[in-house]
Amino acid sequence: MAISNELLAELKQKLVSEKTRLESELSRIGKKVDGNEYETSFDDLGRDKEDNASEVDEYSDNVAVEDNLEKHLKDVASALERMEKGTYGICDNCGKEIEIERLQAYPEAKTCLSCN
Ligand SMILES: [Zn+2]
C-alpha cells in the first residue's frame, strides 16, 4: 500500500466532512428513505395552475440536484467503506493503486487515471 497512514487519515477526514455536507444538503431538499437513499420532497405550494407549474419546475430541478448529491454521497460512503476494509486506493477496474495526486484531488475516486 503506497498510501501513508497520515495521508489516509487526512483523506478520511475529507470524506467524512463531505459526507456530512452532502447529507445536510440532501435533507434540505429530500427525505431519507433508507440507508443512503433519498427521495425528493414535493412541497405542496398551492392549488391554482400557476402555483402548480412552478411547483413542478422546482420539483424536477430538485430531482436532478438530489440525484447528483445522492450519487456523490454513495461514492463517498463507499470510499469510507473501502478504508474500513483496507481496499481503499485500489482501482476498481484494473486493480492497480490509484495515483496519490488523484486521491488528494478526488478522495472518493474508484478508478485510477488511466481507467477513468
Ligand atoms: Zn485502473
# chains A, B, ... in the order shown; residues from 1 in each chain; ligands from 1
>>> closest_atom_pairs(of="chain A", to="ligand 1", cutoff="8 Å", atoms="only C-alpha atoms and all ligand atoms", output="JSON lines")
{"residue": "A:Ile90", "atom": "CA", "partner": "ligand 1", "partner_atom_place_in_ligand_line": "1 (Zn)", "distance": 7.9}
{"residue": "A:Cys91", "atom": "CA", "partner": "ligand 1", "partner_atom_place_in_ligand_line": "1 (Zn)", "distance": 4.6}
{"residue": "A:Asp92", "atom": "CA", "partner": "ligand 1", "partner_atom_place_in_ligand_line": "1 (Zn)", "distance": 6.6}
{"residue": "A:Asn93", "atom": "CA", "partner": "ligand 1", "partner_atom_place_in_ligand_line": "1 (Zn)", "distance": 5.0}
{"residue": "A:Cys94", "atom": "CA", "partner": "ligand 1", "partner_atom_place_in_ligand_line": "1 (Zn)", "distance": 4.1}
{"residue": "A:Gly95", "atom": "CA", "partner": "ligand 1", "partner_atom_place_in_ligand_line": "1 (Zn)", "distance": 6.1}
{"residue": "A:Lys96", "atom": "CA", "partner": "ligand 1", "partner_atom_place_in_ligand_line": "1 (Zn)", "distance": 5.7}
{"residue": "A:Glu97", "atom": "CA", "partner": "ligand 1", "partner_atom_place_in_ligand_line": "1 (Zn)", "distance": 7.5}
{"residue": "A:Ile98", "atom": "CA", "partner": "ligand 1", "partner_atom_place_in_ligand_line": "1 (Zn)", "distance": 7.0}
{"residue": "A:Thr111", "atom": "CA", "partner": "ligand 1", "partner_atom_place_in_ligand_line": "1 (Zn)", "distance": 5.2}
{"residue": "A:Cys112", "atom": "CA", "partner": "ligand 1", "partner_atom_place_in_ligand_line": "1 (Zn)", "distance": 4.3}
{"residue": "A:Leu113", "atom": "CA", "partner": "ligand 1", "partner_atom_place_in_ligand_line": "1 (Zn)", "distance": 6.7}
{"residue": "A:Ser114", "atom": "CA", "partner": "ligand 1", "partner_atom_place_in_ligand_line": "1 (Zn)", "distance": 5.8}
{"residue": "A:Cys115", "atom": "CA", "partner": "ligand 1", "partner_atom_place_in_ligand_line": "1 (Zn)", "distance": 4.4}
{"residue": "A:Asn116", "atom": "CA", "partner": "ligand 1", "partner_atom_place_in_ligand_line": "1 (Zn)", "distance": 7.3}
>>> write_last_selection(atoms="N, CA, C and O atoms", output="PDB file, in the first residue's frame")
ATOM      1  N   ILE A  90      -7.385   1.281  -4.371  1.00  0.00           N
ATOM      2  CA  ILE A  90      -7.150   0.291  -5.417  1.00  0.00           C
ATOM      3  C   ILE A  90      -8.182   0.527  -6.526  1.00  0.00           C
ATOM      4  O   ILE A  90      -9.369   0.640  -6.260  1.00  0.00           O
ATOM      5  N   CYS A  91      -7.692   0.576  -7.751  1.00  0.00           N
ATOM      6  CA  CYS A  91      -8.581   0.821  -8.886  1.00  0.00           C
ATOM      7  C   CYS A  91      -9.587  -0.328  -9.044  1.00  0.00           C
ATOM      8  O   CYS A  91      -9.204  -1.501  -9.063  1.00  0.00           O
ATOM      9  N   ASP A  92     -10.855   0.060  -9.165  1.00  0.00           N
ATOM     10  CA  ASP A  92     -11.948  -0.884  -9.336  1.00  0.00           C
ATOM     11  C   ASP A  92     -11.853  -1.658 -10.642  1.00  0.00           C
ATOM     12  O   ASP A  92     -12.354  -2.760 -10.785  1.00  0.00           O
ATOM     13  N   ASN A  93     -11.218  -1.036 -11.589  1.00  0.00           N
ATOM     14  CA  ASN A  93     -11.193  -1.586 -12.921  1.00  0.00           C
ATOM     15  C   ASN A  93      -9.964  -2.453 -13.206  1.00  0.00           C
ATOM     16  O   ASN A  93     -10.097  -3.580 -13.672  1.00  0.00           O
ATOM     17  N   CYS A  94      -8.756  -1.940 -12.875  1.00  0.00           N
ATOM     18  CA  CYS A  94      -7.555  -2.696 -13.234  1.00  0.00           C
ATOM     19  C   CYS A  94      -6.837  -3.283 -12.016  1.00  0.00           C
ATOM     20  O   CYS A  94      -5.904  -4.067 -12.156  1.00  0.00           O
ATOM     21  N   GLY A  95      -7.265  -2.883 -10.787  1.00  0.00           N
ATOM     22  CA  GLY A  95      -6.678  -3.451  -9.584  1.00  0.00           C
ATOM     23  C   GLY A  95      -5.340  -2.850  -9.182  1.00  0.00           C
ATOM     24  O   GLY A  95      -4.721  -3.282  -8.223  1.00  0.00           O
ATOM     25  N   LYS A  96      -4.899  -1.836  -9.918  1.00  0.00           N
ATOM     26  CA  LYS A  96      -3.652  -1.160  -9.554  1.00  0.00           C
ATOM     27  C   LYS A  96      -3.952  -0.047  -8.545  1.00  0.00           C
ATOM     28  O   LYS A  96      -5.091   0.348  -8.363  1.00  0.00           O
ATOM     29  N   GLU A  97      -2.861   0.451  -7.932  1.00  0.00           N
ATOM     30  CA  GLU A  97      -3.059   1.542  -6.980  1.00  0.00           C
ATOM     31  C   GLU A  97      -3.425   2.830  -7.702  1.00  0.00           C
ATOM     32  O   GLU A  97      -2.834   3.170  -8.727  1.00  0.00           O
ATOM     33  N   ILE A  98      -4.391   3.535  -7.147  1.00  0.00           N
ATOM     34  CA  ILE A  98      -4.792   4.821  -7.718  1.00  0.00           C
ATOM     35  C   ILE A  98      -3.726   5.863  -7.355  1.00  0.00           C
ATOM     36  O   ILE A  98      -3.201   5.847  -6.250  1.00  0.00           O
ATOM     37  N   THR A 111     -11.444   4.621  -9.478  1.00  0.00           N
ATOM     38  CA  THR A 111     -10.585   4.127 -10.547  1.00  0.00           C
ATOM     39  C   THR A 111      -9.345   5.014 -10.695  1.00  0.00           C
ATOM     40  O   THR A 111      -9.361   6.169 -10.293  1.00  0.00           O
ATOM     41  N   CYS A 112      -8.297   4.447 -11.283  1.00  0.00           N
ATOM     42  CA  CYS A 112      -7.077   5.223 -11.496  1.00  0.00           C
ATOM     43  C   CYS A 112      -7.245   6.137 -12.703  1.00  0.00           C
ATOM     44  O   CYS A 112      -8.261   6.065 -13.411  1.00  0.00           O
ATOM     45  N   LEU A 113      -6.256   6.979 -12.937  1.00  0.00           N
ATOM     46  CA  LEU A 113      -6.354   7.957 -14.019  1.00  0.00           C
ATOM     47  C   LEU A 113      -6.525   7.304 -15.385  1.00  0.00           C
ATOM     48  O   LEU A 113      -7.314   7.758 -16.199  1.00  0.00           O
ATOM     49  N   SER A 114      -5.811   6.208 -15.647  1.00  0.00           N
ATOM     50  CA  SER A 114      -5.919   5.619 -16.984  1.00  0.00           C
ATOM     51  C   SER A 114      -7.255   4.898 -17.187  1.00  0.00           C
ATOM     52  O   SER A 114      -7.684   4.726 -18.324  1.00  0.00           O
ATOM     53  N   CYS A 115      -7.898   4.486 -16.115  1.00  0.00           N
ATOM     54  CA  CYS A 115      -9.209   3.815 -16.264  1.00  0.00           C
ATOM     55  C   CYS A 115     -10.370   4.811 -16.196  1.00  0.00           C
ATOM     56  O   CYS A 115     -11.502   4.455 -16.483  1.00  0.00           O
ATOM     57  N   ASN A 116     -10.083   6.015 -15.753  1.00  0.00           N
ATOM     58  CA  ASN A 116     -11.169   6.983 -15.561  1.00  0.00           C
ATOM     59  C   ASN A 116     -11.810   7.380 -16.891  1.00  0.00           C
ATOM     60  O   ASN A 116     -11.140   7.695 -17.829  1.00  0.00           O
TER      61      ASN A 116
END
>>> select_by_dssp(residues="chain A", states="helix (DSSP H, G or I)", output="PyMOL selection string")
chain A and resi 5-29+49-85+100-105
>>> closest_residue(among="A:Glu81, A:Glu58, A:Glu108, A:Asp67", to="Glu39 (chain A)", atoms="only C-alpha atoms")
A:Asp67
>>> closest_residue(among="A:Ser78, A:Asn52, A:Ser41, A:Ser4", to="Leu26 (chain A)", atoms="only C-alpha atoms")
A:Ser41
>>> closest_residue(among="A:Ala53, A:Val16, A:Ala9, A:Ile29", to="Val65 (chain A)", atoms="only C-alpha atoms")
A:Ile29
>>> select_by_dssp(residues="chain A", states="strand (DSSP E or B)", output="count of residues only")
11
